[in-house]
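Chemist: Okay, so here is query-v6.cif, and as you'll see once you scroll down, it has mmCIF, N, CA and C atoms.
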```
data_data
loop_
_atom_site.label_atom_id
_atom_site.label_comp_id
_atom_site.auth_asym_id
_atom_site.auth_seq_id
_atom_site.Cartn_x
_atom_site.Cartn_y
_atom_site.Cartn_z
N MET H 1 107.70 36.56 61.53
CA MET H 1 108.59 35.82 60.65
C MET H 1 108.39 36.28 59.22
N THR H 2 109.49 36.39 58.50
CA THR H 2 109.46 36.80 57.11
C THR H 2 110.18 35.77 56.26
N THR H 3 109.61 35.46 55.13
CA THR H 3 110.27 34.59 54.16
C THR H 3 110.22 35.27 52.81
N THR H 4 111.36 35.31 52.14
CA THR H 4 111.42 35.85 50.79
C THR H 4 112.25 34.89 49.95
N SER H 5 112.53 35.24 48.71
CA SER H 5 113.24 34.26 47.89
C SER H 5 114.08 34.91 46.81
N GLY H 6 115.04 34.14 46.38
CA GLY H 6 115.84 34.42 45.20
C GLY H 6 115.88 33.13 44.41
N SER H 7 116.18 33.21 43.14
CA SER H 7 116.23 31.99 42.34
C SER H 7 117.34 32.08 41.31
N ALA H 8 117.73 30.93 40.82
CA ALA H 8 118.77 30.86 39.80
C ALA H 8 118.41 29.80 38.78
N LYS H 9 118.79 30.07 37.53
CA LYS H 9 118.65 29.11 36.44
C LYS H 9 120.06 28.83 35.92
N TRP H 10 120.26 27.65 35.35
CA TRP H 10 121.57 27.31 34.78
C TRP H 10 121.38 26.39 33.60
N GLN H 11 122.18 26.61 32.56
CA GLN H 11 122.19 25.73 31.39
C GLN H 11 123.64 25.50 30.99
N GLY H 12 124.01 24.24 30.78
CA GLY H 12 125.33 23.92 30.28
C GLY H 12 126.29 23.46 31.36
N GLY H 13 127.54 23.31 30.97
CA GLY H 13 128.59 22.87 31.87
C GLY H 13 129.09 24.01 32.74
N ILE H 14 130.05 23.70 33.62
CA ILE H 14 130.53 24.69 34.57
C ILE H 14 131.23 25.86 33.88
N LYS H 15 132.07 25.60 32.88
CA LYS H 15 132.82 26.70 32.25
C LYS H 15 132.09 27.33 31.08
N ASP H 16 131.35 26.55 30.32
CA ASP H 16 130.66 27.10 29.15
C ASP H 16 129.20 27.41 29.42
N GLY H 17 128.72 27.06 30.60
CA GLY H 17 127.31 27.27 30.93
C GLY H 17 126.99 28.72 31.25
N LYS H 18 125.70 28.97 31.29
CA LYS H 18 125.22 30.31 31.59
C LYS H 18 124.10 30.22 32.61
N GLY H 19 124.11 31.19 33.52
CA GLY H 19 123.08 31.23 34.53
C GLY H 19 122.40 32.58 34.57
N ALA H 20 121.28 32.62 35.29
CA ALA H 20 120.54 33.85 35.49
C ALA H 20 119.99 33.86 36.91
N ILE H 21 120.15 34.98 37.57
CA ILE H 21 119.71 35.16 38.96
C ILE H 21 118.51 36.10 38.96
N SER H 22 117.52 35.77 39.79
CA SER H 22 116.35 36.63 39.96
C SER H 22 116.01 36.74 41.44
N THR H 23 115.37 37.84 41.79
CA THR H 23 114.89 38.03 43.16
C THR H 23 113.38 38.22 43.15
N LYS H 24 112.76 37.86 44.25
CA LYS H 24 111.30 37.98 44.36
C LYS H 24 110.85 39.42 44.11
N SER H 25 111.61 40.39 44.59
CA SER H 25 111.22 41.80 44.45
C SER H 25 111.33 42.31 43.02
N GLY H 26 112.11 41.60 42.20
CA GLY H 26 112.35 42.05 40.84
C GLY H 26 113.58 42.94 40.73
N ALA H 27 114.28 43.18 41.83
CA ALA H 27 115.50 43.99 41.78
C ALA H 27 116.49 43.36 40.80
N LEU H 28 116.53 42.04 40.77
CA LEU H 28 117.28 41.31 39.75
C LEU H 28 116.29 40.44 39.01
N LYS H 29 116.32 40.50 37.70
CA LYS H 29 115.43 39.67 36.89
C LYS H 29 116.28 39.04 35.80
N ASP H 30 116.51 37.75 35.93
CA ASP H 30 117.32 37.01 34.96
C ASP H 30 118.67 37.69 34.71
N TYR H 31 119.30 38.18 35.79
CA TYR H 31 120.60 38.82 35.68
C TYR H 31 121.66 37.75 35.45
N PRO H 32 122.54 37.93 34.46
CA PRO H 32 123.48 36.86 34.11
C PRO H 32 124.58 36.63 35.15
N TYR H 33 124.94 35.37 35.29
CA TYR H 33 126.10 34.99 36.08
C TYR H 33 126.67 33.71 35.48
N GLY H 34 127.92 33.44 35.78
CA GLY H 34 128.56 32.25 35.25
C GLY H 34 129.99 32.14 35.73
N PHE H 35 130.69 31.17 35.21
CA PHE H 35 132.08 30.92 35.59
C PHE H 35 132.94 32.15 35.35
N ALA H 36 132.79 32.76 34.18
CA ALA H 36 133.63 33.90 33.83
C ALA H 36 133.40 35.10 34.75
N SER H 37 132.15 35.35 35.14
CA SER H 37 131.88 36.49 36.03
C SER H 37 132.27 36.17 37.47
N ARG H 38 132.36 34.90 37.79
CA ARG H 38 132.71 34.51 39.16
C ARG H 38 134.22 34.41 39.36
N PHE H 39 134.92 33.88 38.36
CA PHE H 39 136.34 33.59 38.54
C PHE H 39 137.28 34.37 37.63
N GLU H 40 136.75 35.02 36.59
CA GLU H 40 137.63 35.67 35.62
C GLU H 40 137.39 37.17 35.47
N GLY H 41 136.54 37.73 36.33
CA GLY H 41 136.31 39.17 36.30
C GLY H 41 135.52 39.68 35.11
N LYS H 42 134.81 38.80 34.41
CA LYS H 42 134.01 39.21 33.26
C LYS H 42 132.68 39.80 33.73
N PRO H 43 131.97 40.52 32.86
CA PRO H 43 130.68 41.11 33.23
C PRO H 43 129.67 40.07 33.70
N GLY H 44 128.83 40.47 34.62
CA GLY H 44 127.82 39.59 35.20
C GLY H 44 128.00 39.57 36.70
N SER H 45 127.11 38.90 37.37
CA SER H 45 127.16 38.84 38.83
C SER H 45 127.74 37.51 39.28
N ASN H 46 127.78 37.32 40.59
CA ASN H 46 128.21 36.06 41.17
C ASN H 46 127.68 35.97 42.59
N PRO H 47 127.60 34.78 43.15
CA PRO H 47 127.03 34.63 44.49
C PRO H 47 127.75 35.44 45.56
N GLU H 48 129.07 35.57 45.48
CA GLU H 48 129.81 36.29 46.52
C GLU H 48 129.49 37.79 46.50
N GLU H 49 129.31 38.34 45.32
CA GLU H 49 128.93 39.74 45.21
C GLU H 49 127.56 39.98 45.85
N LEU H 50 126.65 39.08 45.60
CA LEU H 50 125.30 39.20 46.17
C LEU H 50 125.33 39.04 47.68
N ILE H 51 126.16 38.13 48.18
CA ILE H 51 126.31 37.95 49.62
C ILE H 51 126.91 39.23 50.23
N GLY H 52 127.88 39.82 49.55
CA GLY H 52 128.48 41.06 50.03
C GLY H 52 127.45 42.17 50.14
N ALA H 53 126.64 42.33 49.12
CA ALA H 53 125.60 43.37 49.15
C ALA H 53 124.59 43.10 50.27
N ALA H 54 124.20 41.85 50.42
CA ALA H 54 123.25 41.49 51.48
C ALA H 54 123.85 41.74 52.86
N HIS H 55 125.12 41.37 53.04
CA HIS H 55 125.75 41.55 54.35
C HIS H 55 125.91 43.04 54.66
N ALA H 56 126.34 43.84 53.69
CA ALA H 56 126.49 45.27 53.90
C ALA H 56 125.15 45.90 54.28
N ALA H 57 124.09 45.51 53.58
CA ALA H 57 122.76 46.06 53.86
C ALA H 57 122.28 45.65 55.24
N CYS H 58 122.44 44.40 55.59
CA CYS H 58 121.98 43.89 56.88
C CYS H 58 122.73 44.56 58.03
N PHE H 59 124.05 44.61 57.93
CA PHE H 59 124.88 45.23 58.96
C PHE H 59 124.50 46.70 59.15
N THR H 60 124.32 47.43 58.05
CA THR H 60 124.02 48.86 58.13
C THR H 60 122.66 49.10 58.76
N MET H 61 121.67 48.26 58.41
CA MET H 61 120.35 48.38 59.05
C MET H 61 120.43 48.06 60.54
N ALA H 62 121.18 47.01 60.89
CA ALA H 62 121.34 46.65 62.30
C ALA H 62 122.01 47.78 63.07
N LEU H 63 123.01 48.40 62.47
CA LEU H 63 123.69 49.52 63.13
C LEU H 63 122.74 50.70 63.31
N SER H 64 121.89 50.95 62.34
CA SER H 64 120.90 52.02 62.47
C SER H 64 120.01 51.80 63.69
N LEU H 65 119.57 50.56 63.89
CA LEU H 65 118.76 50.21 65.06
C LEU H 65 119.55 50.43 66.34
N ILE H 66 120.77 49.95 66.38
CA ILE H 66 121.60 50.06 67.59
C ILE H 66 121.94 51.51 67.89
N LEU H 67 122.20 52.30 66.86
CA LEU H 67 122.42 53.73 67.07
C LEU H 67 121.18 54.38 67.68
N GLY H 68 120.00 54.04 67.17
CA GLY H 68 118.76 54.59 67.70
C GLY H 68 118.57 54.25 69.17
N GLU H 69 118.90 53.02 69.55
CA GLU H 69 118.80 52.62 70.95
C GLU H 69 119.74 53.42 71.83
N ALA H 70 120.85 53.92 71.24
CA ALA H 70 121.81 54.75 71.96
C ALA H 70 121.49 56.24 71.80
N LYS H 71 120.30 56.55 71.28
CA LYS H 71 119.84 57.92 71.07
C LYS H 71 120.71 58.69 70.07
N LEU H 72 121.19 57.96 69.07
CA LEU H 72 121.98 58.54 68.01
C LEU H 72 121.32 58.24 66.67
N THR H 73 121.51 59.12 65.70
CA THR H 73 120.97 58.90 64.35
C THR H 73 122.07 59.21 63.35
N ALA H 74 122.31 58.30 62.46
CA ALA H 74 123.32 58.51 61.43
C ALA H 74 122.82 59.51 60.41
N GLU H 75 123.67 60.44 60.07
CA GLU H 75 123.36 61.35 58.97
C GLU H 75 123.65 60.64 57.66
N GLN H 76 124.68 59.77 57.70
CA GLN H 76 125.07 59.02 56.51
C GLN H 76 125.88 57.80 56.94
N MET H 77 125.63 56.67 56.29
CA MET H 77 126.44 55.47 56.49
C MET H 77 126.62 54.79 55.15
N GLU H 78 127.83 54.35 54.88
CA GLU H 78 128.10 53.57 53.68
C GLU H 78 128.98 52.40 54.09
N THR H 79 128.53 51.20 53.75
CA THR H 79 129.25 49.98 54.12
C THR H 79 129.59 49.19 52.87
N LYS H 80 130.82 48.71 52.83
CA LYS H 80 131.27 47.81 51.77
C LYS H 80 131.63 46.49 52.44
N ALA H 81 131.24 45.39 51.83
CA ALA H 81 131.58 44.06 52.34
C ALA H 81 132.41 43.34 51.29
N ASP H 82 133.68 43.12 51.60
CA ASP H 82 134.57 42.37 50.70
C ASP H 82 134.50 40.90 51.09
N VAL H 83 134.01 40.08 50.19
CA VAL H 83 133.83 38.64 50.43
C VAL H 83 134.94 37.90 49.70
N THR H 84 135.73 37.12 50.45
CA THR H 84 136.86 36.40 49.86
C THR H 84 136.51 34.94 49.66
N LEU H 85 136.63 34.48 48.42
CA LEU H 85 136.40 33.09 48.04
C LEU H 85 137.75 32.48 47.70
N GLU H 86 138.11 31.37 48.34
CA GLU H 86 139.40 30.73 48.10
C GLU H 86 139.23 29.24 47.89
N LYS H 87 140.16 28.69 47.13
CA LYS H 87 140.18 27.24 46.93
C LYS H 87 140.61 26.57 48.22
N GLN H 88 139.87 25.56 48.62
CA GLN H 88 140.19 24.77 49.80
C GLN H 88 140.00 23.31 49.45
N GLY H 89 141.09 22.56 49.42
CA GLY H 89 141.00 21.16 49.06
C GLY H 89 140.45 21.01 47.66
N GLU H 90 139.40 20.21 47.52
CA GLU H 90 138.79 19.96 46.21
C GLU H 90 137.76 21.00 45.82
N GLY H 91 137.43 21.91 46.73
CA GLY H 91 136.38 22.88 46.43
C GLY H 91 136.79 24.29 46.79
N PHE H 92 135.80 25.11 47.03
CA PHE H 92 136.00 26.51 47.37
C PHE H 92 135.24 26.83 48.64
N ALA H 93 135.69 27.88 49.35
CA ALA H 93 135.01 28.32 50.56
C ALA H 93 135.14 29.83 50.70
N ILE H 94 134.14 30.45 51.29
CA ILE H 94 134.25 31.85 51.67
C ILE H 94 135.08 31.86 52.94
N THR H 95 136.26 32.46 52.87
CA THR H 95 137.20 32.41 53.99
C THR H 95 137.16 33.66 54.87
N SER H 96 136.57 34.73 54.36
CA SER H 96 136.45 35.94 55.19
C SER H 96 135.50 36.94 54.56
N VAL H 97 135.01 37.81 55.42
CA VAL H 97 134.24 38.98 54.99
C VAL H 97 134.81 40.16 55.76
N HIS H 98 135.17 41.20 55.02
CA HIS H 98 135.68 42.41 55.66
C HIS H 98 134.70 43.55 55.41
N LEU H 99 134.13 44.06 56.49
CA LEU H 99 133.19 45.18 56.42
C LEU H 99 133.96 46.49 56.60
N THR H 100 133.71 47.44 55.71
CA THR H 100 134.30 48.77 55.82
C THR H 100 133.15 49.76 55.91
N LEU H 101 133.09 50.46 57.03
CA LEU H 101 132.01 51.42 57.28
C LEU H 101 132.56 52.83 57.31
N ASN H 102 131.93 53.71 56.54
CA ASN H 102 132.17 55.15 56.62
C ASN H 102 130.87 55.76 57.11
N ALA H 103 130.93 56.45 58.25
CA ALA H 103 129.69 56.94 58.85
C ALA H 103 129.84 58.35 59.39
N LYS H 104 128.79 59.12 59.22
CA LYS H 104 128.68 60.44 59.83
C LYS H 104 127.55 60.34 60.84
N VAL H 105 127.93 60.35 62.12
CA VAL H 105 126.95 60.17 63.20
C VAL H 105 127.14 61.31 64.20
N PRO H 106 126.33 62.36 64.08
CA PRO H 106 126.45 63.47 65.02
C PRO H 106 126.30 62.99 66.47
N GLY H 107 127.21 63.46 67.33
CA GLY H 107 127.17 63.09 68.74
C GLY H 107 127.95 61.85 69.09
N ALA H 108 128.49 61.15 68.11
CA ALA H 108 129.25 59.92 68.38
C ALA H 108 130.73 60.19 68.16
N ASP H 109 131.57 59.62 69.03
CA ASP H 109 133.00 59.64 68.79
C ASP H 109 133.41 58.29 68.21
N LYS H 110 134.67 58.17 67.84
CA LYS H 110 135.15 56.95 67.18
C LYS H 110 134.98 55.73 68.08
N ALA H 111 135.27 55.87 69.36
CA ALA H 111 135.15 54.74 70.29
C ALA H 111 133.70 54.25 70.37
N LYS H 112 132.76 55.18 70.42
CA LYS H 112 131.34 54.82 70.49
C LYS H 112 130.90 54.14 69.19
N LEU H 113 131.33 54.69 68.06
CA LEU H 113 130.99 54.09 66.77
C LEU H 113 131.55 52.67 66.69
N ASP H 114 132.81 52.48 67.09
CA ASP H 114 133.41 51.15 67.07
C ASP H 114 132.63 50.17 67.94
N GLU H 115 132.24 50.61 69.13
CA GLU H 115 131.48 49.75 70.05
C GLU H 115 130.14 49.33 69.44
N LEU H 116 129.40 50.30 68.95
CA LEU H 116 128.07 50.01 68.41
C LEU H 116 128.15 49.22 67.10
N ALA H 117 129.13 49.55 66.27
CA ALA H 117 129.31 48.82 65.01
C ALA H 117 129.70 47.37 65.29
N GLY H 118 130.49 47.14 66.31
CA GLY H 118 130.85 45.77 66.70
C GLY H 118 129.62 44.96 67.10
N LYS H 119 128.70 45.61 67.80
CA LYS H 119 127.45 44.93 68.17
C LYS H 119 126.63 44.60 66.92
N ALA H 120 126.59 45.53 65.97
CA ALA H 120 125.84 45.29 64.73
C ALA H 120 126.47 44.16 63.94
N LYS H 121 127.79 44.13 63.89
CA LYS H 121 128.51 43.07 63.15
C LYS H 121 128.16 41.70 63.74
N ALA H 122 128.15 41.60 65.05
CA ALA H 122 127.86 40.33 65.70
C ALA H 122 126.38 39.96 65.63
N GLY H 123 125.51 40.97 65.61
CA GLY H 123 124.08 40.70 65.75
C GLY H 123 123.27 40.65 64.48
N CYS H 124 123.79 41.14 63.37
CA CYS H 124 122.95 41.14 62.17
C CYS H 124 122.74 39.70 61.67
N PRO H 125 121.54 39.40 61.19
CA PRO H 125 121.23 38.03 60.78
C PRO H 125 122.16 37.44 59.73
N ILE H 126 122.67 38.26 58.81
CA ILE H 126 123.58 37.73 57.79
C ILE H 126 124.92 37.34 58.43
N SER H 127 125.41 38.14 59.38
CA SER H 127 126.64 37.77 60.10
C SER H 127 126.47 36.42 60.79
N LYS H 128 125.31 36.20 61.37
CA LYS H 128 125.04 34.95 62.08
C LYS H 128 125.00 33.76 61.14
N LEU H 129 124.74 34.02 59.88
CA LEU H 129 124.67 32.97 58.87
C LEU H 129 126.05 32.40 58.53
N PHE H 130 127.06 33.26 58.60
CA PHE H 130 128.41 32.87 58.17
C PHE H 130 129.14 32.01 59.17
N ASN H 131 129.93 31.08 58.63
CA ASN H 131 130.88 30.31 59.42
C ASN H 131 132.27 30.70 58.91
N THR H 132 132.60 31.98 59.09
CA THR H 132 133.87 32.51 58.59
C THR H 132 134.28 33.70 59.43
N LYS H 133 135.50 34.15 59.24
CA LYS H 133 136.02 35.32 59.94
C LYS H 133 135.40 36.58 59.36
N ILE H 134 134.85 37.42 60.23
CA ILE H 134 134.28 38.71 59.81
C ILE H 134 135.06 39.80 60.53
N THR H 135 135.67 40.70 59.74
CA THR H 135 136.40 41.81 60.31
C THR H 135 135.68 43.10 59.99
N LEU H 136 136.01 44.15 60.75
CA LEU H 136 135.31 45.42 60.62
C LEU H 136 136.30 46.57 60.76
N GLU H 137 136.17 47.53 59.86
CA GLU H 137 136.97 48.76 59.92
C GLU H 137 135.98 49.92 59.84
N THR H 138 136.09 50.87 60.76
CA THR H 138 135.17 52.00 60.75
C THR H 138 135.92 53.31 60.57
N THR H 139 135.27 54.25 59.91
CA THR H 139 135.77 55.60 59.78
C THR H 139 134.63 56.53 60.13
N LEU H 140 134.87 57.42 61.08
CA LEU H 140 133.88 58.42 61.46
C LEU H 140 134.15 59.68 60.64
N LEU H 141 133.19 60.05 59.83
CA LEU H 141 133.36 61.23 58.94
C LEU H 141 133.07 62.51 59.68
#
```
Transcribe the structure of this file into structure tokens.
Modeler:
Amino acid sequence: MTTTSGSAKWQGGIKDGKGAISTKSGALKDYPYGFASRFEGKPGSNPEELIGAAHAACFTMALSLILGEAKLTAEQMETKADVTLEKQGEGFAITSVHLTLNAKVPGADKAKLDELAGKAKAGCPISKLFNTKITLETTLL
């Protein structure tokens, strides 16, 4: 079992307030986030961006494991996770995550990549965390 952590600080109201995100590893240290970076496209981070990075990383690692079990090794994989946040009723919800994978896997055809990537999408711990629609698009380079 592994436990790690991330943390956030906040000062002020929802629109004029300012926050800072940190990770245990130090990859992020008091990195700014706030209303403007979340909803208005201003500089800074936001929770959905961090979830997207985490999901892309988790899925890609899971696929690496599954490829290895199939006696395949990726020469290169790049995954993007588009996380959609929408207003629902009085609040907001993540309504979908779309994974886009570009992979160079010697010995694999598109059908095999799709099969194994589908297993990774379903099995990675971050995918299991979500209660939303997760879609996947693959390109074999």
Chemist: Apply the PyMOL selection byres (((chain H and resi 108 and name CA) around 12) and name CA) to the file shown and report the selected residues as a list in words.
Modeler: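 Output from the PyMOL selection byres (((chain H and resi 108 and name CA) around 12) and name CA), applied to this file: Leu67, Gly68, Ala70, Lys71, Leu72, Thr73, Ala74, Glu75, Ala103, Lys104, Val105, Pro106, Gly107, Asp109, Lys110, Ala111, Lys112, Leu113, Asp114, Glu115, Leu116, Ala117, Thr139, Leu140 and Leu141 of chain H.
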Chemist: With distances taken over all atoms listed in the file, which of H:Thr79, H:Ile66, H:Lys42, H:Ala8 is nearest to Lys119 in chain H?
Modeler: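 Of all the options, H:Ile66 lies closest to Lys119 in chain H.
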Chemist: I need the residue nearest Gly52 in chain H from this list: H:Asn131, H:Asp82, H:Gly12, H:Gly89. Use all atoms listed in the file for the distance.
Modeler: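 That would be H:Asp82, the residue with the smallest distance to Gly52 in chain H.
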Chemist: Ranking H:Ile21, H:Ala27, H:Leu65, H:Ala81 by minimum distance to Ala53 in chain H and counting all atoms listed in the file, which one comes first?
Modeler: H:Ala81
Chemist: To one decimal in Å, tell me the separation between CA of Ile51 in chain H and CA of Leu129 in chain H.
Modeler: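 Going from CA of Ile51 in chain H over to CA of Leu129 in chain H, I get 10.6 Å.
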Chemist: Write out as a list in words each polymer residue whose atoms come within 7 Å of Ala20 in chain H, counting only C-alpha atoms; drop sequence neighbours fewer than 5 positions from it.
Modeler: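 Residues meeting the cut-off are Ala8, Lys9, Trp10, Asp30, Tyr31, Pro32 and Tyr33 of chain H.
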Chemist: Take the PyMOL selection byres ((chain H and resi 135) around 6.5), run it mentally on this structure, and tell me the resulting residues as a list in words.
Modeler: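 After applying the PyMOL selection byres ((chain H and resi 135) around 6.5), what remains is Ser96, Val97, His98, Leu99, Thr100, Lys133, Ile134, Leu136 and Glu137 of chain H.
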Chemist: I'd like the interatomic distance between atom C of Glu48 in chain H and atom C of Ala122 in chain H, to a tenth of an Å.
Modeler: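 Spanning atom C of Glu48 in chain H to atom C of Ala122 in chain H is a straight-line distance of 19.5 Å.
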Chemist: With only C-alpha atoms as the basis for distance, which of H:Pro47, H:Gly123, H:Gly91, H:Gly118 is at the shortest distance from Ser7 in chain H?
Modeler: H:Pro47
Chemist: Between H:Ala36, H:Lys87, H:Ala57, H:Ile94, which has the minimum distance to Lys15 in chain H (counting only N, CA and C atoms)?
Modeler: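 Nearest to Lys15 in chain H: H:Ala36.
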Chemist: Measuring atom to atom with only C-alpha atoms, identify which of H:Thr60, H:Ser37, H:Thr132, H:Ser127 is nearest to Thr84 in chain H.
Modeler: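 Ranked by minimum distance to Thr84 in chain H, first place goes to H:Thr132.
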Chemist: List every residue of chain H that DSSP, applied to the backbone, labels as alpha helix (DSSP H), and write the result as number ranges by chain.
Modeler: H: 35-39, 47-69, 110-123, 125-129
Chemist: If you run DSSP over the backbone, which residues in range 46-140 of chain H end up strand (DSSP E or B)? Put them as an MDAnalysis selection string.
Modeler: chainID H and resid 76:88 91:104 133:140
Chemist: Would you output that residue set with N, CA and C atoms, as a CSV table (one decimal), in the coordinates of the input?
Modeler:
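Below is the file that was written, selection.csv:
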```csv
chain,number,residue,atom,x,y,z
H,76,GLN,N,124.7,59.8,57.7
H,76,GLN,CA,125.1,59.0,56.5
H,76,GLN,C,125.9,57.8,56.9
H,77,MET,N,125.6,56.7,56.3
H,77,MET,CA,126.4,55.5,56.5
H,77,MET,C,126.6,54.8,55.2
H,78,GLU,N,127.8,54.4,54.9
H,78,GLU,CA,128.1,53.6,53.7
H,78,GLU,C,129.0,52.4,54.1
H,79,THR,N,128.5,51.2,53.8
H,79,THR,CA,129.2,50.0,54.1
H,79,THR,C,129.6,49.2,52.9
H,80,LYS,N,130.8,48.7,52.8
H,80,LYS,CA,131.3,47.8,51.8
H,80,LYS,C,131.6,46.5,52.4
H,81,ALA,N,131.2,45.4,51.8
H,81,ALA,CA,131.6,44.1,52.3
H,81,ALA,C,132.4,43.3,51.3
H,82,ASP,N,133.7,43.1,51.6
H,82,ASP,CA,134.6,42.4,50.7
H,82,ASP,C,134.5,40.9,51.1
H,83,VAL,N,134.0,40.1,50.2
H,83,VAL,CA,133.8,38.6,50.4
H,83,VAL,C,134.9,37.9,49.7
H,84,THR,N,135.7,37.1,50.4
H,84,THR,CA,136.9,36.4,49.9
H,84,THR,C,136.5,34.9,49.7
H,85,LEU,N,136.6,34.5,48.4
H,85,LEU,CA,136.4,33.1,48.0
H,85,LEU,C,137.8,32.5,47.7
H,86,GLU,N,138.1,31.4,48.3
H,86,GLU,CA,139.4,30.7,48.1
H,86,GLU,C,139.2,29.2,47.9
H,87,LYS,N,140.2,28.7,47.1
H,87,LYS,CA,140.2,27.2,46.9
H,87,LYS,C,140.6,26.6,48.2
H,88,GLN,N,139.9,25.6,48.6
H,88,GLN,CA,140.2,24.8,49.8
H,88,GLN,C,140.0,23.3,49.4
H,91,GLY,N,137.4,21.9,46.7
H,91,GLY,CA,136.4,22.9,46.4
H,91,GLY,C,136.8,24.3,46.8
H,92,PHE,N,135.8,25.1,47.0
H,92,PHE,CA,136.0,26.5,47.4
H,92,PHE,C,135.2,26.8,48.6
H,93,ALA,N,135.7,27.9,49.4
H,93,ALA,CA,135.0,28.3,50.6
H,93,ALA,C,135.1,29.8,50.7
H,94,ILE,N,134.1,30.4,51.3
H,94,ILE,CA,134.2,31.8,51.7
H,94,ILE,C,135.1,31.9,52.9
H,95,THR,N,136.3,32.5,52.9
H,95,THR,CA,137.2,32.4,54.0
H,95,THR,C,137.2,33.7,54.9
H,96,SER,N,136.6,34.7,54.4
H,96,SER,CA,136.4,35.9,55.2
H,96,SER,C,135.5,36.9,54.6
H,97,VAL,N,135.0,37.8,55.4
H,97,VAL,CA,134.2,39.0,55.0
H,97,VAL,C,134.8,40.2,55.8
H,98,HIS,N,135.2,41.2,55.0
H,98,HIS,CA,135.7,42.4,55.7
H,98,HIS,C,134.7,43.6,55.4
H,99,LEU,N,134.1,44.1,56.5
H,99,LEU,CA,133.2,45.2,56.4
H,99,LEU,C,134.0,46.5,56.6
H,100,THR,N,133.7,47.4,55.7
H,100,THR,CA,134.3,48.8,55.8
H,100,THR,C,133.2,49.8,55.9
H,101,LEU,N,133.1,50.5,57.0
H,101,LEU,CA,132.0,51.4,57.3
H,101,LEU,C,132.6,52.8,57.3
H,102,ASN,N,131.9,53.7,56.5
H,102,ASN,CA,132.2,55.2,56.6
H,102,ASN,C,130.9,55.8,57.1
H,103,ALA,N,130.9,56.4,58.2
H,103,ALA,CA,129.7,56.9,58.8
H,103,ALA,C,129.8,58.4,59.4
H,104,LYS,N,128.8,59.1,59.2
H,104,LYS,CA,128.7,60.4,59.8
H,104,LYS,C,127.6,60.3,60.8
H,133,LYS,N,135.5,34.2,59.2
H,133,LYS,CA,136.0,35.3,59.9
H,133,LYS,C,135.4,36.6,59.4
H,134,ILE,N,134.8,37.4,60.2
H,134,ILE,CA,134.3,38.7,59.8
H,134,ILE,C,135.1,39.8,60.5
H,135,THR,N,135.7,40.7,59.7
H,135,THR,CA,136.4,41.8,60.3
H,135,THR,C,135.7,43.1,60.0
H,136,LEU,N,136.0,44.2,60.8
H,136,LEU,CA,135.3,45.4,60.6
H,136,LEU,C,136.3,46.6,60.8
H,137,GLU,N,136.2,47.5,59.9
H,137,GLU,CA,137.0,48.8,59.9
H,137,GLU,C,136.0,49.9,59.8
H,138,THR,N,136.1,50.9,60.8
H,138,THR,CA,135.2,52.0,60.8
H,138,THR,C,135.9,53.3,60.6
H,139,THR,N,135.3,54.2,59.9
H,139,THR,CA,135.8,55.6,59.8
H,139,THR,C,134.6,56.5,60.1
H,140,LEU,N,134.9,57.4,61.1
H,140,LEU,CA,133.9,58.4,61.5
H,140,LEU,C,134.2,59.7,60.6
```
